[in-house]
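Colleague: One file: my_file-v8.txt (compact mmCIF, C-alpha atoms and all ligand atoms).
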# COMPACT_ATOMS: atom_id res chain seq x y z
CA MET H 1479 248.32 4.22 -15.94
CA ARG H 1480 245.63 6.81 -16.36
CA LYS H 1481 248.35 9.36 -16.98
CA PHE H 1482 249.86 7.24 -19.74
CA LEU H 1483 246.44 6.64 -21.27
CA ALA H 1484 245.56 10.33 -21.17
CA ILE H 1485 248.81 11.26 -22.90
CA LEU H 1486 248.32 8.52 -25.49
CA VAL H 1487 244.74 9.53 -26.25
CA CYS H 1488 245.73 13.17 -26.48
CA LYS H 1489 248.67 12.55 -28.82
CA ALA H 1490 246.60 10.23 -31.03
CA GLY H 1491 243.67 12.64 -31.02
CA ARG H 1492 245.92 15.52 -31.99
CA LEU H 1493 247.41 13.50 -34.85
CA VAL H 1494 243.98 12.58 -36.19
CA GLY H 1495 242.78 16.15 -35.62
CA LYS H 1496 245.64 17.50 -37.69
CA LEU H 1497 244.87 15.08 -40.49
CA VAL H 1498 241.23 16.09 -40.68
CA GLY H 1499 241.93 19.74 -39.94
CA LYS H 1500 240.10 19.89 -36.63
CA GLY H 1501 240.81 22.27 -33.76
CA SER H 1502 243.10 21.55 -30.87
CA SER H 1503 240.80 21.52 -27.87
CA LEU H 1504 239.15 18.10 -28.30
CA PRO H 1505 242.18 15.86 -27.53
CA GLY H 1506 242.85 17.85 -24.36
CA LYS H 1507 239.24 17.55 -23.36
CA ALA H 1508 239.40 13.75 -23.75
CA ALA H 1509 242.63 13.60 -21.75
CA LEU H 1510 241.07 15.63 -18.94
CA LYS H 1511 238.13 13.20 -18.88
CA ILE H 1512 240.47 10.26 -18.45
CA CYS H 1513 242.71 11.98 -15.92
CA PRO H 1514 241.27 15.25 -14.55
CA ASP H 1515 244.48 16.27 -12.78
CA ILE H 1516 246.76 15.30 -15.67
CA LEU H 1517 248.39 18.74 -15.79
CA SER H 1518 249.65 18.48 -12.22
CA ARG H 1519 251.24 15.10 -13.06
CA ILE H 1520 253.39 16.38 -15.90
CA ARG H 1521 256.97 17.51 -15.27
CA LEU H 1522 256.96 20.97 -16.71
CA PRO H 1523 259.96 23.04 -17.87
CA GLU H 1524 262.01 25.31 -15.61
CA TYR H 1525 260.30 28.39 -16.97
CA ILE H 1526 256.57 28.76 -17.42
CA ILE H 1527 255.75 32.18 -18.79
CA ALA H 1528 252.14 33.28 -19.07
CA VAL H 1529 251.03 36.45 -20.80
CA THR H 1530 247.62 38.00 -20.42
CA GLY H 1531 245.93 41.38 -20.74
CA SER H 1532 243.30 43.14 -22.82
CA ASN H 1533 245.65 43.98 -25.65
CA GLY H 1534 248.99 42.99 -27.04
CA LYS H 1535 248.99 39.37 -25.79
CA THR H 1536 249.65 37.74 -29.15
CA SER H 1537 252.31 40.21 -30.29
CA THR H 1538 254.08 40.05 -26.94
CA VAL H 1539 254.04 36.25 -26.84
CA GLU H 1540 255.40 36.02 -30.39
CA MET H 1541 258.23 38.39 -29.54
CA ILE H 1542 259.07 36.47 -26.36
CA ALA H 1543 259.19 33.21 -28.34
CA ALA H 1544 261.43 34.76 -30.99
CA ILE H 1545 263.85 36.14 -28.39
CA LEU H 1546 264.06 32.93 -26.35
CA ARG H 1547 264.58 30.80 -29.45
CA ALA H 1548 267.34 33.09 -30.65
CA ASP H 1549 268.90 32.53 -27.23
CA GLY H 1550 268.93 28.80 -27.92
CA ARG H 1551 265.96 27.72 -25.82
CA THR H 1552 263.29 25.26 -26.89
CA VAL H 1553 259.98 27.06 -26.56
CA VAL H 1554 256.53 25.54 -26.73
CA TYR H 1555 253.65 27.97 -26.96
CA ASN H 1556 250.05 28.08 -28.08
CA GLU H 1557 250.66 29.48 -31.54
CA GLU H 1558 247.18 28.54 -32.61
CA GLY H 1559 245.82 30.85 -29.99
CA SER H 1560 243.84 28.19 -28.13
CA ASN H 1561 244.24 29.59 -24.65
CA GLN H 1562 241.52 27.79 -22.75
CA THR H 1563 242.24 24.84 -20.45
CA GLU H 1564 241.51 22.09 -23.00
CA GLY H 1565 243.72 23.66 -25.66
CA VAL H 1566 246.54 24.20 -23.16
CA THR H 1567 246.23 20.54 -22.08
CA THR H 1568 246.51 19.39 -25.69
CA MET H 1569 249.60 21.50 -26.19
CA ILE H 1570 251.36 20.29 -23.04
CA LEU H 1571 250.60 16.61 -23.55
CA THR H 1572 251.52 16.50 -27.23
CA HIS H 1573 254.91 17.95 -26.29
CA SER H 1574 255.47 15.48 -23.45
CA THR H 1575 257.07 12.07 -23.31
CA PHE H 1576 254.86 9.10 -22.47
CA GLY H 1577 256.54 9.16 -19.07
CA GLY H 1578 255.06 12.61 -18.51
CA LYS H 1579 257.98 14.98 -18.97
CA MET H 1580 257.55 18.01 -21.15
CA LYS H 1581 260.18 18.37 -23.85
CA ALA H 1582 260.95 22.08 -23.72
CA ASP H 1583 263.03 24.67 -21.88
CA VAL H 1584 260.17 27.13 -21.73
CA LEU H 1585 256.42 26.73 -21.71
CA LEU H 1586 254.95 29.97 -22.98
CA LEU H 1587 251.25 30.62 -22.68
CA GLU H 1588 249.05 33.27 -24.14
CA SER H 1589 246.34 33.22 -21.57
CA ASP H 1590 242.80 34.44 -21.73
CA GLU H 1591 242.36 36.81 -18.80
CA ARG H 1592 239.11 35.14 -17.81
CA TYR H 1593 240.36 31.55 -18.02
CA ALA H 1594 243.80 31.97 -16.48
CA ALA H 1595 242.56 30.98 -13.04
CA ARG H 1596 241.22 27.69 -14.39
CA SER H 1597 244.32 26.84 -16.41
CA PHE H 1598 246.67 27.57 -13.53
CA ARG H 1599 244.88 25.41 -10.98
CA PHE H 1600 247.21 22.50 -11.70
CA PHE H 1601 250.44 24.33 -12.38
CA HIS H 1602 251.62 27.84 -11.64
CA PRO H 1603 253.57 30.06 -13.99
CA THR H 1604 257.05 31.11 -12.92
CA HIS H 1605 256.45 34.47 -14.63
CA PHE H 1606 253.12 36.11 -15.31
CA VAL H 1607 253.09 39.12 -17.62
CA VAL H 1608 250.00 41.33 -17.61
CA THR H 1609 250.16 43.81 -20.49
CA ASN H 1610 247.19 45.98 -19.43
CA LEU H 1611 243.52 45.80 -18.60
CA TYR H 1612 240.92 47.95 -20.20
CA ARG H 1613 237.69 48.10 -22.12
CA ASP H 1614 237.74 45.05 -24.31
CA GLN H 1615 234.87 43.21 -25.90
CA LEU H 1616 232.39 44.51 -23.37
CA THR H 1617 229.64 42.05 -24.36
CA ARG H 1618 231.91 39.09 -23.68
CA ASN H 1619 234.18 40.25 -20.89
CA GLY H 1620 232.22 42.81 -18.95
CA HIS H 1621 233.99 45.71 -17.31
CA PRO H 1622 237.72 45.78 -16.62
CA GLU H 1623 237.14 45.54 -12.88
CA TRP H 1624 235.25 42.31 -13.44
CA VAL H 1625 238.10 40.93 -15.52
CA PHE H 1626 240.50 41.96 -12.76
CA ASP H 1627 238.48 39.99 -10.18
CA ALA H 1628 238.56 36.96 -12.48
CA LEU H 1629 242.33 37.25 -12.88
CA LYS H 1630 243.24 37.72 -9.23
CA PRO H 1631 242.82 34.01 -8.27
CA ALA H 1632 245.28 33.07 -11.05
CA VAL H 1633 248.10 34.80 -9.17
CA TYR H 1634 250.04 32.43 -6.89
CA PRO H 1635 252.66 33.50 -4.31
CA GLU H 1636 255.57 31.78 -6.08
CA THR H 1637 254.79 33.43 -9.41
CA GLU H 1638 256.81 36.50 -10.34
CA LEU H 1639 254.45 39.12 -11.69
CA VAL H 1640 255.69 41.29 -14.55
CA LEU H 1641 253.35 44.26 -14.54
CA ASN H 1642 252.71 47.45 -16.43
CA ALA H 1643 253.53 50.20 -13.94
CA ASP H 1644 251.63 52.73 -16.07
CA ASP H 1645 248.28 50.95 -15.83
CA PRO H 1646 246.36 51.87 -12.66
CA LEU H 1647 244.14 48.79 -12.91
CA SER H 1648 246.40 45.81 -13.67
CA SER H 1649 249.04 47.24 -11.29
CA CYS H 1650 246.62 46.45 -8.44
CA LEU H 1651 247.52 42.77 -8.91
CA ALA H 1652 250.72 43.58 -7.02
CA LYS H 1653 248.80 44.35 -3.82
CA GLY H 1654 249.88 41.82 -1.21
CA HIS H 1655 252.21 40.06 -3.67
CA GLU H 1656 255.93 39.94 -2.98
CA LYS H 1657 257.52 39.01 -6.28
CA VAL H 1658 256.81 41.84 -8.71
CA LYS H 1659 258.83 43.43 -11.50
CA TRP H 1660 257.58 46.60 -13.14
CA PHE H 1661 257.89 47.89 -16.68
CA GLY H 1662 256.85 51.34 -17.87
CA LEU H 1663 257.62 54.44 -19.89
CA ASP H 1664 259.19 57.61 -18.59
CA GLU H 1665 257.69 60.91 -19.62
CA CYS H 1666 258.68 61.24 -23.27
CA SER H 1667 257.66 62.55 -26.70
CA VAL H 1668 254.34 60.68 -26.65
CA SER H 1669 253.28 61.86 -23.21
CA SER H 1670 250.49 64.39 -22.89
CA LYS H 1671 249.00 66.32 -20.03
CA GLU H 1672 245.42 65.59 -21.06
CA PRO H 1673 243.66 62.19 -21.22
CA SER H 1674 242.75 60.81 -24.64
CA GLY H 1675 239.82 58.65 -25.70
CA VAL H 1676 236.09 59.11 -25.27
CA TYR H 1677 236.10 57.62 -21.78
CA HIS H 1678 238.46 58.58 -19.05
CA ASP H 1679 238.94 55.25 -17.34
CA GLY H 1680 241.68 56.66 -15.17
CA ALA H 1681 239.51 59.31 -13.53
CA TYR H 1682 238.95 57.30 -10.35
CA CYS H 1683 241.21 55.11 -8.29
CA PRO H 1684 240.51 51.38 -8.84
CA VAL H 1685 241.43 50.72 -5.19
CA CYS H 1686 239.40 53.29 -3.29
CA LYS H 1687 237.37 55.12 -6.00
CA ALA H 1688 238.75 58.55 -5.04
CA PRO H 1689 239.72 60.91 -7.89
CA MET H 1690 243.12 60.26 -9.44
CA GLU H 1691 245.62 62.77 -10.75
CA TYR H 1692 248.11 62.25 -13.55
CA ASN H 1693 251.56 63.74 -14.13
CA TYR H 1694 251.19 62.66 -17.75
CA TYR H 1695 249.23 60.26 -19.94
CA HIS H 1696 250.56 57.93 -22.64
CA TYR H 1697 247.22 56.76 -23.94
CA ASN H 1698 243.82 56.28 -22.37
CA GLN H 1699 244.31 55.53 -18.65
CA ILE H 1700 247.95 54.51 -19.18
CA GLY H 1701 250.40 57.01 -17.64
CA ALA H 1702 251.78 58.33 -14.38
CA TYR H 1703 248.78 58.22 -12.05
CA ARG H 1704 248.42 58.83 -8.34
CA CYS H 1705 245.38 58.52 -6.16
CA THR H 1706 244.57 61.61 -4.13
CA ALA H 1707 243.38 59.50 -1.18
CA CYS H 1708 244.93 56.03 -0.77
CA GLY H 1709 248.40 56.48 -2.25
CA HIS H 1710 247.91 54.04 -5.16
CA ARG H 1711 250.39 55.36 -7.72
CA LYS H 1712 252.71 54.47 -10.55
CA PRO H 1713 255.53 52.50 -8.92
CA ALA H 1714 259.24 52.88 -9.74
CA THR H 1715 260.07 50.75 -12.79
CA ASP H 1716 262.63 47.95 -13.19
CA PHE H 1717 262.52 48.04 -16.99
CA THR H 1718 262.01 51.47 -18.45
CA VAL H 1719 261.62 52.98 -21.88
CA THR H 1720 263.52 56.20 -21.34
CA ASN H 1721 263.15 57.68 -24.82
CA VAL H 1722 260.63 57.26 -27.64
CA ASP H 1723 261.26 58.57 -31.12
CA LEU H 1724 258.20 57.46 -33.07
CA GLU H 1725 259.09 59.55 -36.07
CA GLY H 1726 262.61 58.18 -36.33
CA GLY H 1727 261.31 54.73 -35.35
CA GLU H 1728 263.48 54.03 -32.32
CA ILE H 1729 263.10 53.54 -28.60
CA THR H 1730 265.67 53.44 -25.82
CA ILE H 1731 265.37 51.07 -22.88
CA ASP H 1732 267.08 51.86 -19.56
CA GLY H 1733 268.96 54.75 -21.12
CA GLU H 1734 271.21 52.61 -23.31
CA VAL H 1735 269.55 49.78 -25.24
CA LYS H 1736 268.31 51.14 -28.56
CA ILE H 1737 265.67 49.22 -30.48
CA PRO H 1738 264.27 50.14 -33.90
CA LEU H 1739 260.48 49.94 -34.26
CA ALA H 1740 258.81 47.94 -37.04
CA PHE H 1741 255.39 49.27 -36.06
CA ARG H 1742 255.63 52.83 -34.85
CA SER H 1743 252.90 52.92 -32.26
CA ILE H 1744 252.99 53.51 -28.54
CA TYR H 1745 251.12 50.29 -28.18
CA ASN H 1746 253.93 48.35 -29.78
CA VAL H 1747 256.41 50.09 -27.48
CA TYR H 1748 254.67 48.55 -24.46
CA ASN H 1749 254.62 45.09 -26.06
CA ILE H 1750 258.33 45.29 -26.81
CA LEU H 1751 259.10 46.43 -23.29
CA ALA H 1752 257.04 43.63 -21.73
CA ALA H 1753 258.79 41.01 -23.89
CA TYR H 1754 262.20 42.53 -23.16
CA ALA H 1755 261.48 42.55 -19.41
CA VAL H 1756 260.40 38.94 -19.05
CA CYS H 1757 263.18 37.63 -21.31
CA SER H 1758 265.76 39.54 -19.26
CA LEU H 1759 264.31 37.94 -16.12
CA THR H 1760 264.91 34.47 -17.57
CA GLY H 1761 268.54 35.31 -18.23
CA VAL H 1762 268.59 36.50 -21.85
CA SER H 1763 271.25 39.17 -22.43
CA ARG H 1764 270.03 42.64 -23.32
CA GLU H 1765 272.01 42.49 -26.58
CA THR H 1766 270.23 39.33 -27.72
CA ALA H 1767 266.82 40.69 -26.76
CA ALA H 1768 267.45 44.00 -28.49
CA SER H 1769 268.77 42.52 -31.72
CA VAL H 1770 265.93 40.00 -32.03
CA ILE H 1771 263.25 42.61 -31.44
CA GLY H 1772 265.00 44.95 -33.86
CA ASN H 1773 264.83 42.38 -36.62
CA TYR H 1774 261.43 41.19 -35.70
CA ILE H 1775 258.59 41.81 -38.06
CA LEU H 1776 255.19 40.93 -36.73
CA LYS H 1777 254.43 37.68 -38.45
CA ASN H 1778 250.73 37.84 -38.04
CA GLY H 1779 250.37 40.87 -40.23
CA ARG H 1780 248.82 43.35 -37.87
CA MET H 1781 250.32 45.97 -40.06
CA VAL H 1782 250.49 44.92 -43.69
CA ARG H 1783 251.70 47.14 -46.48
CA PHE H 1784 250.22 46.77 -49.93
CA THR H 1785 249.74 48.70 -53.14
CA LEU H 1786 246.40 49.35 -54.76
CA GLY H 1787 246.51 50.99 -58.17
CA SER H 1788 248.79 53.96 -57.61
CA HIS H 1789 248.12 54.00 -53.87
CA HIS H 1790 250.52 52.91 -51.16
CA GLY H 1791 248.40 51.12 -48.63
CA THR H 1792 248.77 50.18 -44.97
CA LEU H 1793 246.43 47.74 -43.35
CA LEU H 1794 245.93 48.44 -39.64
CA THR H 1795 244.07 45.68 -37.88
CA SER H 1796 242.46 45.94 -34.46
CA LYS H 1797 240.34 43.68 -32.37
CA HIS H 1798 236.71 44.59 -32.70
CA GLU H 1799 234.84 45.69 -29.62
CA ASN H 1800 238.10 47.13 -28.42
CA SER H 1801 238.19 50.88 -28.60
CA VAL H 1802 241.74 51.23 -27.33
CA ALA H 1803 243.15 49.20 -30.22
CA TYR H 1804 241.17 51.30 -32.68
CA ASP H 1805 242.18 54.56 -31.06
CA THR H 1806 245.83 53.57 -31.31
CA ASN H 1807 245.52 52.91 -35.03
CA LEU H 1808 243.57 56.13 -35.59
CA ARG H 1809 246.22 58.05 -33.69
CA TYR H 1810 248.84 56.48 -35.94
CA ILE H 1811 246.99 57.91 -38.95
CA ARG H 1812 246.55 61.28 -37.24
CA ASP H 1813 250.33 61.51 -36.79
CA THR H 1814 251.13 60.86 -40.45
CA LYS H 1815 252.04 63.80 -42.65
CA GLU H 1816 251.09 62.94 -46.25
CA PRO H 1817 247.58 63.35 -47.70
CA CYS H 1818 245.62 60.12 -47.37
CA THR H 1819 242.37 58.23 -47.68
CA VAL H 1820 241.15 56.16 -44.75
CA VAL H 1821 239.00 53.07 -45.29
CA VAL H 1822 237.12 51.95 -42.19
CA ILE H 1823 235.64 48.48 -42.53
CA VAL H 1824 233.27 46.82 -40.10
CA ASP H 1825 231.97 43.69 -41.71
CA ALA H 1826 231.57 41.38 -38.74
CA VAL H 1827 231.51 42.11 -35.04
CA SER H 1828 232.80 38.89 -33.56
CA ARG H 1829 234.38 35.78 -35.00
CA LYS H 1830 233.33 33.72 -32.04
CA TYR H 1831 229.60 34.33 -31.87
CA PHE H 1832 226.97 36.20 -33.80
CA THR H 1833 226.04 39.63 -32.60
CA SER H 1834 225.06 42.82 -34.30
CA GLU H 1835 225.81 44.80 -31.19
CA THR H 1836 227.75 47.85 -32.35
CA SER H 1837 227.60 50.14 -29.32
CA TRP H 1838 231.41 49.77 -29.05
CA LEU H 1839 231.69 51.95 -32.16
CA TRP H 1840 230.72 54.82 -29.88
CA ASP H 1841 233.72 54.15 -27.66
CA ILE H 1842 236.13 54.72 -30.55
CA ASP H 1843 237.47 58.23 -30.94
CA PHE H 1844 236.92 58.69 -34.68
CA SER H 1845 237.37 62.46 -34.28
CA LEU H 1846 241.11 61.65 -34.41
CA LEU H 1847 240.59 61.52 -38.18
CA SER H 1848 239.52 65.14 -38.23
CA VAL H 1849 242.91 66.33 -39.50
CA PRO H 1850 243.77 68.06 -42.80
CA GLN H 1851 245.82 65.23 -44.31
CA VAL H 1852 242.87 62.82 -44.08
CA GLU H 1853 241.17 63.91 -47.28
CA ARG H 1854 238.54 61.25 -47.59
CA ILE H 1855 237.11 58.41 -45.57
CA LEU H 1856 235.32 55.37 -47.02
CA LEU H 1857 232.95 53.54 -44.69
CA CYS H 1858 232.68 49.91 -45.74
CA GLY H 1859 231.26 46.53 -44.84
CA ARG H 1860 228.00 45.16 -43.56
CA TYR H 1861 227.91 47.72 -40.78
CA ALA H 1862 228.70 50.73 -43.00
CA ASN H 1863 225.42 52.36 -42.00
CA ASP H 1864 226.17 52.00 -38.30
CA LEU H 1865 229.53 53.60 -39.02
CA ALA H 1866 227.78 56.44 -40.86
CA VAL H 1867 225.60 57.18 -37.84
CA ARG H 1868 228.69 57.18 -35.64
CA PHE H 1869 230.59 59.43 -38.06
CA SER H 1870 227.77 61.94 -38.15
CA TYR H 1871 228.63 62.62 -34.50
CA ALA H 1872 232.41 62.50 -34.88
CA GLY H 1873 232.91 66.15 -35.77
CA ILE H 1874 234.27 65.29 -39.22
CA SER H 1875 233.00 67.28 -42.18
CA PRO H 1876 230.29 65.18 -43.94
CA GLU H 1877 231.88 65.97 -47.33
CA LYS H 1878 234.88 63.93 -46.30
CA TRP H 1879 233.21 60.59 -45.71
CA GLU H 1880 231.18 58.39 -48.04
CA LEU H 1881 229.46 55.02 -47.88
CA HIS H 1882 230.76 51.97 -49.75
CA PRO H 1883 229.16 48.93 -48.10
CA ASP H 1884 230.53 46.51 -50.73
CA ILE H 1885 234.22 46.02 -49.98
CA ARG H 1886 235.06 44.75 -53.45
CA GLU H 1887 233.40 47.78 -54.99
CA ALA H 1888 235.29 50.09 -52.63
CA THR H 1889 238.55 48.44 -53.66
CA GLU H 1890 237.78 48.94 -57.36
CA PHE H 1891 236.71 52.53 -56.70
CA LEU H 1892 239.99 53.28 -54.94
CA LYS H 1893 242.06 51.59 -57.60
CA SER H 1894 240.63 53.85 -60.27
CA SER H 1895 241.02 57.12 -58.39
CA GLY H 1896 243.90 59.17 -56.98
CA GLU H 1897 247.30 58.13 -55.77
CA GLU H 1898 247.38 59.28 -52.15
CA ASP H 1899 248.29 56.92 -49.29
CA VAL H 1900 245.54 54.59 -48.14
CA TYR H 1901 245.04 53.35 -44.59
CA VAL H 1902 242.64 50.48 -44.03
CA VAL H 1903 241.35 50.23 -40.48
CA THR H 1904 239.64 46.97 -39.66
CA CYS H 1905 239.67 43.91 -37.42
CA PHE H 1906 240.67 40.28 -37.33
CA SER H 1907 237.47 38.36 -37.80
CA ASP H 1908 237.25 35.64 -40.41
CA ARG H 1909 235.01 37.59 -42.70
CA ASP H 1910 237.39 40.48 -42.51
CA LYS H 1911 240.25 38.17 -43.34
CA LEU H 1912 238.36 37.67 -46.54
CA LEU H 1913 238.56 41.36 -47.16
CA VAL H 1914 242.26 41.37 -46.44
CA ASN H 1915 242.52 38.82 -49.21
CA VAL H 1916 240.40 41.00 -51.46
CA VAL H 1917 242.82 43.83 -50.83
CA LYS H 1918 245.80 41.56 -51.47
CA GLU H 1919 244.24 40.20 -54.64
CA ALA H 1920 243.84 43.72 -55.84
CA VAL H 1921 247.58 44.30 -55.55
ZN ZN H 2001 242.87 55.30 -4.09
Mind converting the file's structure to structure tokens?
Ligand SMILES: [Zn+2]
Modeller:
Amino acid sequence: MRKFLAILVCKAGRLVGKLVGKGSSLPGKAALKICPDILSRIRLPEYIIAVTGSNGKTSTVEMIAAILRADGRTVVYNEEGSNQTEGVTTMILTHSTFGGKMKADVLLLESDERYAARSFRFFHPTHFVVTNLYRDQLTRNGHPEWVFDALKPAVYPETELVLNADDPLSSCLAKGHEKVKWFGLDECSVSSKEPSGVYHDGAYCPVCKAPMEYNYYHYNQIGAYRCTACGHRKPATDFTVTNVDLEGGEITIDGEVKIPLAFRSIYNVYNILAAYAVCSLTGVSRETAASVIGNYILKNGRMVRFTLGSHHGTLLTSKHENSVAYDTNLRYIRDTKEPCTVVVIVDAVSRKYFTSETSWLWDIDFSLLSVPQVERILLCGRYANDLAVRFSYAGISPEKWELHPDIREATEFLKSSGEEDVYVVTCFSDRDKLLVNVVKEAV
């Protein structure tokens, strides 16, 4: 009875919530009050796929959903991004019958790495994809090792882990776990012998703290690592990108599956591989997976092209407080050939809480912009002055960068001058969405 009531209240609450434009966590919260173990009383689908990690969760989940749907499966996933227990409860119950059976072939969850353990108390994923773990929103999440400790209890023996073999930290989740599949990149065109980024997070072994050595790096601590003391090392991979042609926009998986790249970044290569791996594990053919990914254009506009006056523009969004995401976008600009202007906008730090804490700017490797084709750099937004201080230490000639705190003014300024390519580097916060609209309006 309580189960029925909880489902009823949740469905009704969700309906009302939709009408008045409220968020999705409240109905779930009410249902959990009525029946605290409601999630363990629901008959869930055959496949429960969870995806977590510091970066790439949303893109990976969207690709997985697209592939599985193209394969004819009914997929329910938290498209609204509410990945805490209450939101997950709302999602599951609104897609269930009153008898308590979920109406889907696959439940797909983008999971917050800190809340996964709570969400999975009542049900356990059949597949758990961890994209990577690294410096991410330090003020909220703390250090990667802390996040790892929070994630560990979310891993249950019956869950098949799908892990990034190239990440020395998240790969530790496999310790003592039997069901593991690995994805990773062979040494290829993007590999380098030297670490990149301001910090070298791969310097020491996450297991025993001894120095680590690398055969090659792909970015930051991601690469072919091996501990000099305890034997922690990149494992053999089950799903492997064997060739990367960023310039031509194509990757090869397992030596034969070729996939064109919509977004030519190494970062995207890992997301594609993770999605490909877990979909293959649920029985999707490699042809289906490859063709869906090939046609897939990231719906959420992480890379948006626009025109501004005579400029061709590309909007590269990153999560704030996440230096790896920024570095990847900056590296993308570094690898372009044509003369360009770069607009860096920091107008809000977090969309979830107020903070003016900008120390994370110092983790971003802005010196990547110190290349001849980057002819000018506009520093914009409320934190333009903080950016200026950071840039004065970035080894970039001061003649190249200038301050334009007002985004609208910067847009007008650009419109009236030059015709080189423009790259806008910014984040996803609500205020910055505003600026995306300003840019779009200016088209
Ligand atoms: Zn070690």
Colleague: When distances are computed from only C-alpha atoms and all ligand atoms, which of H:Ile1874, H:Ile1570, H:Met1541, H:Ala1681 shows the smallest separation from ligand ZN 2001 (chain H)?
Modeller: H:Ala1681
Colleague: Measuring between all atoms listed in the file, which one of H:His1790, H:Arg1860, H:His1882, H:Lys1630 shows the shortest distance to Glu1898 (chain H)?
Modeller: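 Among the listed residues, the smallest separation from Glu1898 (chain H) belongs to H:His1790.
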Colleague: Residues within 10 Å of ligand ZN 2001 (chain H) should be enumerated using only C-alpha atoms and all ligand atoms and returned as a PyMOL selection string.
Modeller: chain H and resi 1646+1682-1690+1704-1711
Colleague: Calculated over only C-alpha atoms, which of the candidates H:Ser1649, H:Asp1515, H:Ala1752, H:Asp1805 has the smallest distance to Thr1538 (chain H)?
Modeller: H:Ala1752
Colleague: Measuring atom to atom with all atoms listed in the file, identify which of H:Tyr1748, H:Asn1698, H:Glu1853, H:Thr1819 is nearest to Asp1841 (chain H).
Modeller: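 Distance minimum relative to Asp1841 (chain H) lands on H:Asn1698.
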Colleague: At what distance in Å, to one decimal, does CA of Lys1712 (chain H) lie from CA of Trp1660 (chain H)?
Modeller: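 These two atoms are separated by 9.6 Å.
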Colleague: Between H:Asn1721, H:Gln1699, H:Ser1648, H:Asn1773, which residue has the minimum interatomic distance to Cys1666 (chain H), considering all atoms listed in the file?
Modeller: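 Counting all atoms listed in the file, the residue closest to Cys1666 (chain H) is H:Asn1721.
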Colleague: Between H:Val1824, H:Leu1751, H:Val1902, H:Ile1512, single out the one closest to Ile1729 (chain H), counting all atoms listed in the file.
Modeller: H:Leu1751
Colleague: Which residues are close to region 1594-1599 of chain H, i.e. within 8 Å by all atoms listed in the file, leaving aside same-chain residues fewer than 5 positions away? Reply as a PDB file with C-alpha atoms, in the frame of the given file.
Modeller:
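selection22.pdb written:
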ATOM      1  CA  GLN H1562     241.520  27.790 -22.750  1.00  0.00           C
ATOM      2  CA  THR H1563     242.240  24.840 -20.450  1.00  0.00           C
ATOM      3  CA  VAL H1566     246.540  24.200 -23.160  1.00  0.00           C
ATOM      4  CA  SER H1589     246.340  33.220 -21.570  1.00  0.00           C
ATOM      5  CA  ALA H1628     238.560  36.960 -12.480  1.00  0.00           C
ATOM      6  CA  LEU H1629     242.330  37.250 -12.880  1.00  0.00           C
ATOM      7  CA  LYS H1630     243.240  37.720  -9.230  1.00  0.00           C
ATOM      8  CA  PRO H1631     242.820  34.010  -8.270  1.00  0.00           C
ATOM      9  CA  ALA H1632     245.280  33.070 -11.050  1.00  0.00           C
ATOM     10  CA  VAL H1633     248.100  34.800  -9.170  1.00  0.00           C
TER      11      VAL H1633
END
Colleague: Would you work out the distance separating CA of Ile1516 (chain H) from CA of Ala1484 (chain H), expressed in Å to one decimal?
Modeller: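 Value for the CA of Ile1516 (chain H)-CA of Ala1484 (chain H) distance: 7.5 Å.
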Colleague: Kindly list the centre and edge lengths in Å, rounded to one decimal, for the axis-aligned box that covers all listed atoms of region 1508-1526 of chain H plus 5 Å on each of its six sides, as lines of an AutoDock Vina configuration file.
Modeller:
center_x = 250.1
center_y = 19.5
center_z = -18.0
size_x = 33.9
size_y = 28.5
size_z = 21.5
Colleague: What gap, in Å, lies between CA of Ala1768 (chain H) and CA of Val1735 (chain H)?
Modeller: 7.0 Å
Colleague: Neighbouring residues of Tyr1901 (chain H) were defined as those with any atom within 9 Å, considering only C-alpha atoms; residues of the same chain fewer than 5 positions away were excluded. Please report them as a list in words.
Modeller: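 After dropping sequence-adjacent residues, the list is His1790, Gly1791, Thr1792, Leu1793, Leu1794, Ile1811, Cys1818, Thr1819, Val1820, Val1821 and Val1822 of chain H.
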Colleague: Got time to write the residues from that selection, C-alpha atoms, as a JSON list (two decimals), in the frame of the given file?
Modeller:
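Contents of result.json, as written:
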[["chain", "number", "residue", "atom", "x", "y", "z"],
["H", 1790, "HIS", "CA", 250.52, 52.91, -51.16],
["H", 1791, "GLY", "CA", 248.40, 51.12, -48.63],
["H", 1792, "THR", "CA", 248.77, 50.18, -44.97],
["H", 1793, "LEU", "CA", 246.43, 47.74, -43.35],
["H", 1794, "LEU", "CA", 245.93, 48.44, -39.64],
["H", 1811, "ILE", "CA", 246.99, 57.91, -38.95],
["H", 1818, "CYS", "CA", 245.62, 60.12, -47.37],
["H", 1819, "THR", "CA", 242.37, 58.23, -47.68],
["H", 1820, "VAL", "CA", 241.15, 56.16, -44.75],
["H", 1821, "VAL", "CA", 239.00, 53.07, -45.29],
["H", 1822, "VAL", "CA", 237.12, 51.95, -42.19]]
Colleague: Pull the neighbourhood of (268.8, 57.3, -24.0) for me: all residues within 10 Å in file coordinates, counting all atoms listed in the file, as a list of chain:residue names.
Modeller: H:Val1719, H:Thr1720, H:Asn1721, H:Val1722, H:Ile1729, H:Thr1730, H:Ile1731, H:Asp1732, H:Gly1733, H:Glu1734, H:Val1735, H:Lys1736
